[in-house]
Structures are given as structure tokens and as C-alpha cells.
$ cat my_file.cif   # mmCIF, C-alpha atoms
data_coords
loop_
_atom_site.label_atom_id
_atom_site.label_comp_id
_atom_site.auth_asym_id
_atom_site.auth_seq_id
_atom_site.Cartn_x
_atom_site.Cartn_y
_atom_site.Cartn_z
CA MET E 6 57.34 97.43 106.51
CA GLU E 7 54.70 99.80 105.15
CA ILE E 8 55.68 103.45 104.79
CA GLY E 9 52.77 105.91 104.82
CA PRO E 10 52.30 108.89 102.49
CA ARG E 11 53.79 111.46 104.89
CA ASP E 12 56.97 109.48 105.52
CA THR E 13 57.21 108.60 101.83
CA ILE E 14 57.41 112.32 101.02
CA VAL E 15 59.97 112.85 103.79
CA ILE E 16 62.19 110.06 102.45
CA ALA E 17 61.78 111.34 98.88
CA CYS E 18 63.06 114.74 100.03
CA LEU E 19 66.05 113.02 101.64
CA VAL E 20 66.68 111.26 98.32
CA LEU E 21 66.82 114.63 96.55
CA PHE E 22 69.05 116.15 99.22
CA LEU E 23 71.43 113.20 98.90
CA GLY E 24 71.39 113.37 95.10
CA LYS E 25 72.15 117.09 95.12
CA TYR E 26 74.96 116.62 97.65
CA ILE E 27 76.61 113.77 95.73
CA ASN E 28 76.30 115.54 92.39
CA LYS E 29 77.88 118.62 93.96
CA LYS E 30 80.76 116.67 95.50
CA ILE E 31 81.49 114.20 92.70
CA SER E 32 82.37 115.93 89.45
CA PHE E 33 81.50 112.93 87.26
CA PHE E 34 77.79 113.12 88.07
CA ARG E 35 77.78 116.89 87.64
CA ALA E 36 79.83 116.90 84.45
CA TYR E 37 77.67 114.31 82.72
CA ASN E 38 74.33 115.80 83.83
CA ILE E 39 73.13 112.79 85.82
CA PRO E 40 69.74 113.80 87.29
CA GLU E 41 69.85 114.28 91.04
CA PRO E 42 66.80 112.04 91.70
CA VAL E 43 68.56 109.22 89.83
CA THR E 44 71.74 109.58 91.88
CA GLY E 45 69.97 109.65 95.23
CA GLY E 46 67.21 107.21 94.27
CA VAL E 47 69.57 104.45 93.17
CA ILE E 48 71.57 104.75 96.40
CA PHE E 49 68.42 104.51 98.51
CA SER E 50 67.12 101.52 96.52
CA ILE E 51 70.47 99.77 97.01
CA PHE E 52 70.26 100.50 100.75
CA PHE E 53 66.75 99.01 100.97
CA GLY E 54 67.95 96.03 98.93
CA ILE E 55 70.79 95.40 101.38
CA LEU E 56 68.35 95.79 104.27
CA TYR E 57 66.12 93.12 102.75
CA THR E 58 69.06 90.78 102.11
CA ILE E 59 70.35 91.02 105.68
CA THR E 60 67.14 91.23 107.70
CA GLY E 61 64.37 90.05 105.35
CA ILE E 62 62.53 93.34 105.90
CA GLU E 63 60.73 94.45 102.73
CA VAL E 64 60.05 98.19 102.63
CA ASN E 65 56.93 99.21 100.73
CA PHE E 66 56.05 102.85 100.07
CA THR E 67 52.65 104.50 99.66
CA LEU E 68 52.90 106.00 96.18
CA GLU E 69 49.53 107.65 95.51
CA LEU E 70 51.08 111.11 95.85
CA ARG E 71 53.70 110.16 93.28
CA ASP E 72 51.06 109.95 90.54
CA ALA E 73 49.66 113.36 91.52
CA LEU E 74 53.15 114.86 91.24
CA LEU E 75 53.45 113.50 87.70
CA ILE E 76 50.17 115.21 86.79
CA ILE E 77 51.42 118.51 88.26
CA PHE E 78 54.66 118.24 86.33
CA PHE E 79 52.97 117.77 82.97
CA ILE E 80 50.60 120.63 83.74
CA THR E 81 53.64 122.88 84.18
CA ILE E 82 54.95 121.75 80.80
CA GLY E 83 51.61 122.52 79.17
CA LEU E 84 51.36 125.91 80.87
CA SER E 85 54.84 126.76 79.55
CA SER E 86 53.93 125.92 75.96
CA ARG E 87 53.01 128.72 73.60
CA LEU E 88 51.20 127.79 70.40
CA LYS E 89 53.96 129.22 68.22
CA THR E 90 56.43 126.83 69.85
CA LEU E 91 54.10 123.89 69.23
CA LEU E 92 53.78 124.81 65.56
CA LYS E 93 57.54 124.96 65.24
CA GLY E 94 57.74 121.49 66.75
CA GLY E 95 55.28 119.91 64.31
CA LYS E 96 57.88 118.63 61.85
CA SER E 97 60.15 117.47 64.67
CA LEU E 98 57.24 115.59 66.26
CA ILE E 99 56.57 113.65 63.06
CA LEU E 100 60.26 112.90 62.51
CA LEU E 101 60.81 111.66 66.05
CA LEU E 102 57.66 109.54 65.88
CA VAL E 103 58.90 107.83 62.71
CA LEU E 104 62.31 107.25 64.29
CA ALA E 105 60.69 105.87 67.44
CA VAL E 106 58.60 103.39 65.47
CA VAL E 107 61.66 102.25 63.51
CA TYR E 108 63.55 101.81 66.76
CA LEU E 109 60.80 99.66 68.27
CA PHE E 110 61.58 97.09 65.57
CA ILE E 111 65.33 97.47 66.14
CA GLN E 112 64.94 97.09 69.90
CA ASN E 113 62.90 93.92 69.53
CA LEU E 114 65.23 92.37 66.95
CA ASN E 115 68.10 93.16 69.31
CA GLY E 116 66.32 91.33 72.13
CA ILE E 117 65.42 88.39 69.87
CA GLY E 118 69.09 88.12 68.87
CA ILE E 119 70.18 87.93 72.50
CA ALA E 120 67.46 85.35 73.20
CA TYR E 121 68.82 83.21 70.36
CA ILE E 122 72.39 83.48 71.65
CA THR E 123 71.41 82.48 75.18
CA GLY E 124 69.11 79.65 74.06
CA MET E 125 65.90 81.29 75.24
CA PRO E 126 62.66 81.25 73.21
CA SER E 127 62.57 83.96 70.54
CA VAL E 128 59.50 85.63 72.03
CA THR E 129 61.53 86.22 75.19
CA GLY E 130 63.49 88.74 73.15
CA VAL E 131 60.31 90.74 72.60
CA LEU E 132 59.76 90.74 76.36
CA GLY E 133 63.36 91.94 76.74
CA GLY E 134 62.79 94.44 73.93
CA SER E 135 60.10 97.05 73.50
CA VAL E 136 57.69 95.42 75.97
CA SER E 137 59.86 96.21 78.98
CA PHE E 138 62.23 98.93 77.80
CA SER E 139 60.21 101.29 75.60
CA GLY E 140 56.98 100.11 77.22
CA GLY E 141 58.09 100.27 80.84
CA HIS E 142 56.39 98.68 83.83
CA GLY E 143 52.83 99.36 82.69
CA THR E 144 53.22 97.70 79.28
CA THR E 145 55.13 94.82 80.85
CA ILE E 146 52.39 94.06 83.37
CA ALA E 147 49.76 94.27 80.63
CA TRP E 148 51.55 91.75 78.35
CA VAL E 149 52.84 89.28 80.97
CA PRO E 150 49.69 87.08 80.88
CA THR E 151 50.16 86.62 77.13
CA PHE E 152 53.75 85.44 77.57
CA GLN E 153 52.75 83.14 80.43
CA ASN E 154 49.59 81.64 78.96
CA ASP E 155 50.30 81.60 75.22
CA PHE E 156 54.05 80.94 75.20
CA GLY E 157 54.65 79.16 78.51
CA ILE E 158 57.21 81.63 79.89
CA SER E 159 56.53 81.16 83.58
CA ASN E 160 58.99 83.81 84.79
CA ALA E 161 57.77 86.45 82.36
CA MET E 162 56.73 88.80 85.17
CA GLU E 163 60.10 88.67 86.92
CA MET E 164 62.07 89.08 83.71
CA GLY E 165 59.91 91.87 82.32
CA ILE E 166 59.83 93.87 85.54
CA ALA E 167 63.59 93.38 85.94
CA CYS E 168 64.29 94.76 82.45
CA ALA E 169 61.90 97.67 82.96
CA THR E 170 63.49 98.47 86.31
CA ILE E 171 67.08 98.39 85.05
CA GLY E 172 66.05 100.36 81.98
CA LEU E 173 64.48 103.04 84.16
CA VAL E 174 67.77 103.47 86.04
CA LEU E 175 70.14 103.29 83.06
CA GLY E 176 67.88 105.53 80.98
CA GLY E 177 68.54 108.23 83.56
CA PHE E 178 72.29 107.68 83.43
CA ILE E 179 73.05 107.69 79.71
CA GLY E 180 71.01 110.68 78.49
CA GLY E 181 73.18 113.36 80.09
CA PRO E 182 76.52 111.99 78.84
CA ILE E 183 75.11 111.61 75.33
CA ALA E 184 73.90 115.21 75.29
CA LYS E 185 77.20 116.52 76.66
CA PHE E 186 79.13 114.60 73.99
CA LEU E 187 76.97 116.01 71.20
CA ILE E 188 76.97 119.57 72.55
CA ARG E 189 80.73 119.66 73.07
CA LYS E 190 81.59 117.92 69.81
CA HIS E 191 79.44 120.21 67.66
CA ASN E 192 79.82 123.35 69.82
CA LEU E 193 76.06 123.76 70.13
CA LYS E 194 74.25 126.65 71.78
CA PRO E 195 70.56 127.34 72.55
CA LYS E 196 68.78 129.28 69.83
CA ASP E 197 67.82 132.08 72.19
CA SER E 198 68.66 133.35 75.65
CA LYS E 199 65.22 132.86 77.19
CA PRO E 200 65.25 131.45 80.71
CA VAL E 201 64.76 127.76 81.36
CA THR E 202 61.01 127.21 81.72
CA VAL E 203 61.12 123.60 82.87
CA GLY E 204 63.25 123.32 85.97
CA VAL E 205 65.32 126.06 87.58
CA LEU E 206 69.02 126.73 87.22
CA HIS E 207 71.11 125.29 90.03
CA ASN E 208 74.49 126.78 89.21
CA LYS E 209 76.41 128.71 91.82
CA GLY E 210 75.34 132.33 91.98
CA ASP E 211 71.98 131.78 90.25
CA THR E 212 68.98 133.24 92.01
CA VAL E 213 65.30 132.57 91.59
CA GLU E 214 63.08 135.61 92.14
CA MET E 215 59.57 134.87 93.36
CA ASN E 216 56.96 136.82 95.27
CA TYR E 217 53.58 136.22 96.87
CA ASN E 218 51.60 137.13 93.75
CA ASN E 219 53.38 134.93 91.22
CA VAL E 220 53.44 131.94 93.60
CA LEU E 221 49.70 132.35 94.24
CA GLN E 222 49.13 132.71 90.51
CA MET E 223 51.12 129.52 89.89
CA ILE E 224 49.07 127.55 92.44
CA TYR E 225 45.80 128.82 91.00
CA PHE E 226 46.63 127.94 87.41
CA ILE E 227 48.08 124.50 88.24
CA PHE E 228 45.04 123.34 90.18
CA SER E 229 42.43 124.90 87.92
CA THR E 230 44.21 123.34 84.93
CA ALA E 231 44.15 119.99 86.74
CA GLY E 232 40.36 120.26 86.86
CA LEU E 233 40.23 120.90 83.11
CA GLY E 234 42.51 117.92 82.52
CA ILE E 235 40.19 115.66 84.53
CA GLY E 236 37.23 116.93 82.51
CA ILE E 237 39.01 116.22 79.21
CA ASN E 238 39.91 112.73 80.41
CA GLU E 239 36.31 111.97 81.38
CA LEU E 240 35.04 113.28 78.05
CA LEU E 241 37.50 111.12 76.09
CA SER E 242 36.58 108.08 78.19
CA TRP E 243 32.91 108.73 77.45
CA ILE E 244 33.55 108.59 73.69
CA GLY E 245 35.68 105.46 74.09
CA LEU E 246 39.20 106.90 73.89
CA SER E 247 41.52 106.17 76.80
CA LEU E 248 44.58 108.33 77.43
CA PRO E 249 46.93 108.48 80.42
CA SER E 250 45.95 111.24 82.85
CA PHE E 251 49.23 113.08 82.42
CA VAL E 252 48.63 113.40 78.66
CA THR E 253 45.29 115.17 79.16
CA ALA E 254 46.95 117.29 81.86
CA LEU E 255 49.54 118.36 79.28
CA PHE E 256 46.83 119.21 76.76
CA ALA E 257 44.85 121.14 79.39
CA GLY E 258 47.91 123.23 80.22
CA ILE E 259 48.47 124.04 76.55
CA ILE E 260 44.82 125.10 76.18
CA VAL E 261 44.84 127.31 79.27
CA THR E 262 48.07 129.14 78.61
CA ASN E 263 47.16 129.91 75.00
CA LEU E 264 43.54 130.94 75.60
CA ILE E 265 44.19 133.33 78.50
CA PRO E 266 45.67 136.10 76.30
CA VAL E 267 42.76 135.71 73.88
CA PHE E 268 39.98 136.13 76.44
CA SER E 269 41.60 138.44 78.96
CA LYS E 270 44.49 140.76 78.17
CA LYS E 271 44.29 142.09 81.72
CA ILE E 272 45.79 138.90 83.16
CA ASP E 273 49.55 139.26 83.32
CA TRP E 274 50.34 135.63 82.53
CA GLN E 275 53.86 135.01 81.20
CA PRO E 276 54.58 131.36 81.99
CA GLU E 277 57.79 131.33 79.96
CA ASN E 278 59.21 133.83 82.48
CA SER E 279 57.57 132.39 85.60
CA LYS E 280 60.18 131.32 88.13
CA ALA E 281 57.41 130.01 90.39
CA LEU E 282 56.15 127.71 87.63
CA ALA E 283 59.69 126.55 86.90
CA MET E 284 60.19 125.77 90.59
CA ALA E 285 56.94 123.77 90.72
CA SER E 286 58.08 121.86 87.64
CA ASP E 287 61.45 121.05 89.14
CA LEU E 288 60.10 119.93 92.51
CA SER E 289 57.25 117.81 91.17
CA LEU E 290 59.49 115.95 88.71
CA GLY E 291 62.27 115.51 91.28
CA LEU E 292 59.96 114.08 93.93
CA PHE E 293 58.21 111.83 91.39
CA LEU E 294 61.48 110.29 90.24
CA ALA E 295 62.82 110.05 93.79
CA MET E 296 59.76 108.04 94.84
CA SER E 297 59.95 105.84 91.73
CA LEU E 298 63.61 104.96 92.14
CA MET E 299 63.80 104.61 95.92
CA SER E 300 60.89 102.12 95.80
CA LEU E 301 62.61 99.76 93.34
CA GLN E 302 62.89 96.24 94.78
CA LEU E 303 66.30 95.29 93.41
CA TRP E 304 66.38 91.89 95.11
CA THR E 305 63.81 90.63 92.60
CA LEU E 306 66.50 90.81 89.88
CA ALA E 307 69.04 88.41 91.42
CA ASP E 308 67.79 85.16 89.83
CA LEU E 309 67.95 86.59 86.31
CA ALA E 310 71.39 88.22 86.53
CA GLY E 311 73.11 86.39 83.63
CA PRO E 312 70.60 86.78 80.78
CA LEU E 313 69.62 90.24 82.01
CA LEU E 314 73.20 91.44 81.85
CA LEU E 315 73.51 90.50 78.19
CA ILE E 316 70.14 92.00 77.31
CA VAL E 317 70.85 95.27 79.10
CA ILE E 318 74.35 95.69 77.65
CA ALA E 319 73.03 95.06 74.13
CA GLN E 320 70.10 97.45 74.52
CA VAL E 321 72.24 100.24 76.00
CA LEU E 322 74.84 99.97 73.24
CA VAL E 323 72.26 99.93 70.47
CA ILE E 324 70.21 102.87 71.75
CA SER E 325 73.36 104.93 72.34
CA GLY E 326 74.53 104.36 68.77
CA PHE E 327 71.05 104.96 67.33
CA VAL E 328 70.64 108.25 69.20
CA ILE E 329 74.08 109.63 68.33
CA VAL E 330 74.21 108.51 64.70
CA VAL E 331 70.55 108.67 63.64
CA VAL E 332 68.30 110.66 65.99
CA PHE E 333 70.63 113.63 66.46
CA ARG E 334 71.30 113.98 62.73
CA ILE E 335 67.71 113.62 61.54
CA MET E 336 66.37 115.96 64.24
CA GLY E 337 68.57 118.76 62.88
CA LYS E 338 72.06 118.46 64.44
CA ASP E 339 71.41 121.56 66.56
CA TYR E 340 71.07 122.22 70.30
CA ASP E 341 67.40 121.18 70.34
CA ALA E 342 68.38 117.92 68.62
CA ALA E 343 70.96 117.22 71.33
CA VAL E 344 68.40 117.76 74.11
CA ILE E 345 65.85 115.63 72.26
CA SER E 346 68.51 112.92 71.89
CA ALA E 347 69.10 112.89 75.64
CA GLY E 348 65.36 112.64 76.23
CA TYR E 349 64.80 109.92 73.68
CA ALA E 350 67.61 107.80 75.15
CA GLY E 351 65.79 107.90 78.48
CA LEU E 352 62.46 107.22 76.78
CA ALA E 353 63.67 104.18 74.83
CA LEU E 354 65.20 102.56 77.92
CA GLY E 355 62.95 103.82 80.68
CA ALA E 356 59.88 106.00 80.60
CA THR E 357 58.64 109.50 79.76
CA PRO E 358 59.56 110.93 83.21
CA THR E 359 63.11 109.58 82.75
CA ALA E 360 63.30 111.36 79.41
CA ILE E 361 62.11 114.60 81.00
CA ALA E 362 64.64 114.26 83.83
CA ASN E 363 67.45 113.86 81.31
CA MET E 364 66.39 116.94 79.36
CA THR E 365 65.90 118.96 82.54
CA ALA E 366 69.41 118.12 83.73
CA VAL E 367 70.86 119.14 80.36
CA THR E 368 68.91 122.40 80.04
CA LYS E 369 69.74 123.46 83.58
CA LYS E 370 73.39 123.47 82.58
CA PHE E 371 73.35 124.53 78.93
CA GLY E 372 70.10 126.47 78.41
CA GLY E 373 66.42 126.03 77.55
CA SER E 374 64.89 123.96 74.76
CA PRO E 375 61.09 124.47 74.68
CA LYS E 376 60.68 122.34 71.57
CA ALA E 377 62.25 119.28 73.21
CA PHE E 378 59.87 119.44 76.16
CA ILE E 379 56.88 119.26 73.84
CA VAL E 380 58.07 116.80 71.20
CA VAL E 381 59.52 114.08 73.44
CA PRO E 382 56.61 113.85 75.95
CA LEU E 383 54.00 113.71 73.18
CA VAL E 384 55.86 110.92 71.37
CA GLY E 385 56.53 109.04 74.59
CA ALA E 386 53.20 109.53 76.29
CA PHE E 387 50.80 108.61 73.52
CA PHE E 388 52.13 107.64 70.12
CA ILE E 389 54.72 105.14 71.33
CA ASP E 390 52.22 103.13 73.37
CA LEU E 391 49.89 102.74 70.40
CA SER E 392 52.70 101.84 67.98
CA ASN E 393 54.34 99.52 70.48
CA ALA E 394 51.16 97.50 71.04
CA LEU E 395 50.74 96.88 67.30
CA ILE E 396 54.41 95.97 66.80
CA ILE E 397 54.47 93.61 69.80
CA LYS E 398 51.39 91.81 68.52
CA PHE E 399 52.90 91.50 65.03
CA LEU E 400 56.27 90.16 66.24
CA LEU E 401 54.65 87.64 68.58
CA SER E 402 52.65 86.30 65.64
CA VAL E 403 55.84 85.97 63.58
CA PHE E 404 58.20 84.51 66.21
CA GLY E 405 55.67 82.80 68.48
#

$ encode --input "my_file.cif" --output "C-alpha cells"
Amino acid sequence: MEIGPRDTIVIACLVLFLGKYINKKISFFRAYNIPEPVTGGVIFSIFFGILYTITGIEVNFTLELRDALLIIFFITIGLSSRLKTLLKGGKSLILLLVLAVVYLFIQNLNGIGIAYITGMPSVTGVLGGSVSFSGGHGTTIAWVPTFQNDFGISNAMEMGIACATIGLVLGGFIGGPIAKFLIRKHNLKPKDSKPVTVGVLHNKGDTVEMNYNNVLQMIYFIFSTAGLGIGINELLSWIGLSLPSFVTALFAGIIVTNLIPVFSKKIDWQPENSKALAMASDLSLGLFLAMSLMSLQLWTLADLAGPLLLIVIAQVLVISGFVIVVVFRIMGKDYDAAVISAGYAGLALGATPTAIANMTAVTKKFGGSPKAFIVVPLVGAFFIDLSNALIIKFLLSVFG
């Protein structure tokens, strides 16, 4: 069954409505900051899995709009990023990058250990390590031919996609509880009382003030920034450097929001106080994750249940310990460090959008953390992919 773009959006909205309703009714999800798209998306994917099991009907969604929503979301992050905040995040960016590279080795050694225990080839542990978890679906698909052709792992695609899929879901579940544990244990508070600039507050009694002018301003800047992002991407491609579109969208947003005050003081542009921009951020991320999770084909995981269970349990335990004991402490043991920890947990198991969803859920409840929303996406969107490719190649040469 093929679902067109219009109905895909309709179902994604239902996923968000369901997630919000369940999080409101069940205190566990609310207390541990489980993102609403994760709650609703997992339930919908389970429903479609049951439908396939009973009737054999495979539901496929049209997901072109999903990618556009991701671009819009990262534009909103860039537009909310003042240069002074970026400069403050410089040291944190370097520290998190070093930690992330170290963890890529740990994650792979963890997977190799599980492969040894279960009698699988050692290189399978790399597939069940940073290839699928830190790398996600894109990295998995890119490396599968190597595992199939060079190492004879015929089910590499199924195993890799299964790990990436489960990681995407669990990455969205563990970040919130980790942040809550750290915030409560250390009695952490945001450094200032500025409003949340990524996502809008959803607590009872909160209101979001918007008018015609600031909504129109938000639409103008998002779509004009998108054009700049496309131009940057084409320029980089021309000189031989390939970056994901959402990375150049992030950079374009940073350029626009910091150059406007320089060239025109008459433009009243205060993105850090823009409720319209925060609303666009919240909706684009929510719909993106809803589409990603509701389209998961869970029935493809059944044949690999045993080994996958061991791999997933091991990876979840190790990343949880690494984040709480190492990442939080080295990143400063403050509120920003707790939010970054929640994001990195989602990043190491799932993907950059999962990390952002975790941090959004935490900041909606406890307060803003501009630094976290710059540091984590930059590490996850660009640096990790480059480091991961080199580490994967090295480990395959050692254990292959």
C-alpha cells in the first residue's frame, strides 16, 4: 500500500497528536522527557507491523517532505544562533568531538565483543557498532556492500538496518531519563532565564504570543535562508566537498542571523525571542521524527532477534555509562552538560534528529540551552561521519 505525500502528512500529524495525548496521560513518559514523536511513532510502527503480520499488507510512505522538514528545522537552529553563543561553544565543540571519536572505538569494541560471544565473525561487531548505531541508516547502506562482498556476510543489510532502526528508537527513549537523572542529582539550573529558542514550552498555562508580522517574518527568513543554504551546498560541491544539505542549511542560518544586524539596524530581528521561529522549529522536528518512526518496517527485524537483543542491550548499557560518567563530567557538570549528554546519547545510538529531539524535550521542561543546540548538531552532522569512516576502515583492516 503506497501512501502519498498528503496522507503521509496527515498520518504524521496523528502520530504527534497521539504522542502528546499519551505523554499527557501517562506520567512516566512525561516525567522522563520522552519525545512525543517517539511515543506516537513507535506505536504507529507497531500497528503497521501487526497489520503486515496479519494481512501481508506492507505500508510504504512518501517521505520527500520529511527531508524538507529536516532542512527547515536546522535553518531554525541556525537562525537562533548568535555569534557570541557559537564562540562560547568552541571549547565544548572540541571536547565533545574528542569524546565522540573515543566512543566510536568503544562502541565498535563492544560490538566485536558481542560478536565473539555469539560466535559471529569479528567484523560483524563493527556492523553492530559504529556503522549502524553512530552511523545510522545512511552509513549502514553505504558500507553493506563491503561486508557482503569482502567478508561474506550475506545478511549484512538486514542486520545493519535492524540495528540502526532499533538504535533510532532507543536513542529517543534514553536521552530524557539520563538528563533528568543528572539534573535532579546535581540540582542543575539553566544559566539564564532566556526563553527556549528551539521548540516551544508545552506546560499547562504557557502561552505562545505570535502575530501576523512575526509569522510573516519567520516564513521570509526561513525560505530565503534555504536558498542561501542551497547555494552554499552547490558551491562546496563545485570545489569537491560534499556536506549533507542540513549542515549547509545550519551554516546559512548562522550567517543570516548574524549579518542582518551588521547591514541593517532597521530590521527588528530578534530570533532568540521569536515565538514564531520556535514554533516552526518544534513543528518541523516533530513531523520529521513522526514520519521517520511511523515508517519503520519492524517485521524485518524478526529473523535476527537473538543476536540483536544482545547487541542492543550491550550498546545501551555502555553508552548510558559513558554519558553519565564521562561526557557529563568533561563537558562541565552543569545544566548545558546535562542537555548535551541527553543529545549525545541519542546521537550515539540513533541520529542527529534523535539527539535534537532529546534536547528539545529536556529544554521544554527545564529551560533553554543554546550551546547544546549548536555543539551536538555540528559534531553529529559532520565531524562524526568523517571520523567514523576512517575508524571503520581501520578496524575492518585489523579484524577482517

$ residues_around --input "my_file.cif" --residues "Leu187 in chain E" --least-positions-apart "3" --cutoff "12 Å" --atoms "all atoms listed in the file" --output "list of chain:residue names"
E:Tyr37, E:Gly180, E:Gly181, E:Pro182, E:Ile183, E:Ala184, E:Lys190, E:His191, E:Asn192, E:Leu193, E:Lys194, E:Ser325, E:Val328, E:Ile329, E:Val330, E:Val332, E:Phe333, E:Arg334, E:Lys338, E:Asp339, E:Tyr340, E:Asp341, E:Ala342, E:Ala343, E:Val344, E:Ile345, E:Ser346, E:Ala347, E:Val367

$ closest_atom_pairs --input "my_file.cif" --of "range 321-363 of chain E" --to "range 96-100 of chain E" --cutoff "9 Å" --atoms "only C-alpha atoms" --output "tab-separated table"
residue	atom	partner	partner_atom	distance
E:Ile335	CA	E:Leu100	CA	7.5
E:Met336	CA	E:Ser97	CA	6.4
E:Gly337	CA	E:Ser97	CA	8.7

$ write_last_selection --input "my_file.cif" --atoms "C-alpha atoms" --output "PDB file, in the coordinates of the input"
ATOM      1  CA  ILE E 335      67.710 113.620  61.540  1.00  0.00           C
ATOM      2  CA  MET E 336      66.370 115.960  64.240  1.00  0.00           C
ATOM      3  CA  GLY E 337      68.570 118.760  62.880  1.00  0.00           C
TER       4      GLY E 337
END

$ resolve_selection --input "my_file.cif" --expression "the PyMOL selection byres ((chain E and resi 394) around 10)" --output "list in words"
Ser135, Val136, Gly140, Thr144, Trp148, Ile389, Asp390, Leu391, Ser392, Asn393, Leu395, Ile396, Ile397, Lys398 and Phe399 of chain E

$ residues_around --input "my_file.cif" --residues "Phe256 in chain E" --least-positions-apart "6" --cutoff "10 Å" --atoms "only C-alpha atoms" --output "PyMOL selection string"
chain E and resi 79-80+82-84+86+230+233-234+237+383

$ axis_aligned_box --input "my_file.cif" --around "range 277-296 of chain E" --padding-each-side "5 Å" --output "lines of an AutoDock Vina configuration file"
center_x = 59.5
center_y = 120.9
center_z = 87.4
size_x = 16.7
size_y = 35.8
size_z = 24.9

$ closest_residue --input "my_file.cif" --among "E:Ile59, E:Ile265, E:Ile122, E:Leu132" --to "Asn160 in chain E" --atoms "all atoms listed in the file"
E:Leu132

$ resolve_selection --input "my_file.cif" --expression "the PyMOL selection byres ((chain E and resi 24) around 12)" --output "VMD selection string"
chain E and resid 17 to 23 25 to 31 34 to 35 38 to 49 291 to 292 294 to 295 298 to 299

$ closest_residue --input "my_file.cif" --among "E:Met284, E:Val252, E:Leu70, E:Leu56" --to "Arg11 in chain E" --atoms "all atoms listed in the file"
E:Leu70

$ resolve_selection --input "my_file.cif" --expression "the PyMOL selection byres ((chain E and resi 231) around 12)" --output "JSON, numbers by chain"
{"E": [73, 74, 75, 76, 77, 78, 79, 80, 81, 83, 84, 224, 225, 226, 227, 228, 229, 230, 232, 233, 234, 235, 236, 237, 238, 250, 251, 252, 253, 254, 255, 256, 257, 258, 259, 260, 261]}

$ write_last_selection --input "my_file.cif" --atoms "C-alpha atoms" --output "compact mmCIF listing (two decimals), keeping the file's coordinate frame"
# COMPACT_ATOMS: atom_id res chain seq x y z
CA ALA E 73 49.66 113.36 91.52
CA LEU E 74 53.15 114.86 91.24
CA LEU E 75 53.45 113.50 87.70
CA ILE E 76 50.17 115.21 86.79
CA ILE E 77 51.42 118.51 88.26
CA PHE E 78 54.66 118.24 86.33
CA PHE E 79 52.97 117.77 82.97
CA ILE E 80 50.60 120.63 83.74
CA THR E 81 53.64 122.88 84.18
CA GLY E 83 51.61 122.52 79.17
CA LEU E 84 51.36 125.91 80.87
CA ILE E 224 49.07 127.55 92.44
CA TYR E 225 45.80 128.82 91.00
CA PHE E 226 46.63 127.94 87.41
CA ILE E 227 48.08 124.50 88.24
CA PHE E 228 45.04 123.34 90.18
CA SER E 229 42.43 124.90 87.92
CA THR E 230 44.21 123.34 84.93
CA GLY E 232 40.36 120.26 86.86
CA LEU E 233 40.23 120.90 83.11
CA GLY E 234 42.51 117.92 82.52
CA ILE E 235 40.19 115.66 84.53
CA GLY E 236 37.23 116.93 82.51
CA ILE E 237 39.01 116.22 79.21
CA ASN E 238 39.91 112.73 80.41
CA SER E 250 45.95 111.24 82.85
CA PHE E 251 49.23 113.08 82.42
CA VAL E 252 48.63 113.40 78.66
CA THR E 253 45.29 115.17 79.16
CA ALA E 254 46.95 117.29 81.86
CA LEU E 255 49.54 118.36 79.28
CA PHE E 256 46.83 119.21 76.76
CA ALA E 257 44.85 121.14 79.39
CA GLY E 258 47.91 123.23 80.22
CA ILE E 259 48.47 124.04 76.55
CA ILE E 260 44.82 125.10 76.18
CA VAL E 261 44.84 127.31 79.27

$ atom_distance --input "my_file.cif" --atom1 "CA of Lys280 in chain E" --atom2 "CA of Phe371 in chain E"
17.4 Å

$ closest_atom_pairs --input "my_file.cif" --of "range 82-134 of chain E" --to "range 152-156 of chain E" --cutoff "12 Å" --atoms "all atoms listed in the file" --output "Markdown table"
| residue | atom | partner | partner_atom | distance |
| --- | --- | --- | --- | --- |
| E:Met125 | CA | E:Phe156 | CA | 11.9 |
| E:Pro126 | CA | E:Phe156 | CA | 8.8 |
| E:Ser127 | CA | E:Phe156 | CA | 10.2 |
| E:Val128 | CA | E:Phe156 | CA | 7.9 |
| E:Thr129 | CA | E:Phe152 | CA | 8.2 |
| E:Gly130 | CA | E:Phe152 | CA | 11.2 |
| E:Val131 | CA | E:Phe152 | CA | 9.8 |
| E:Leu132 | CA | E:Phe152 | CA | 8.1 |
| E:Gly133 | CA | E:Phe152 | CA | 11.6 |

$ atom_distance --input "my_file.cif" --atom1 "CA of Ile179 in chain E" --atom2 "CA of Met364 in chain E"
11.4 Å
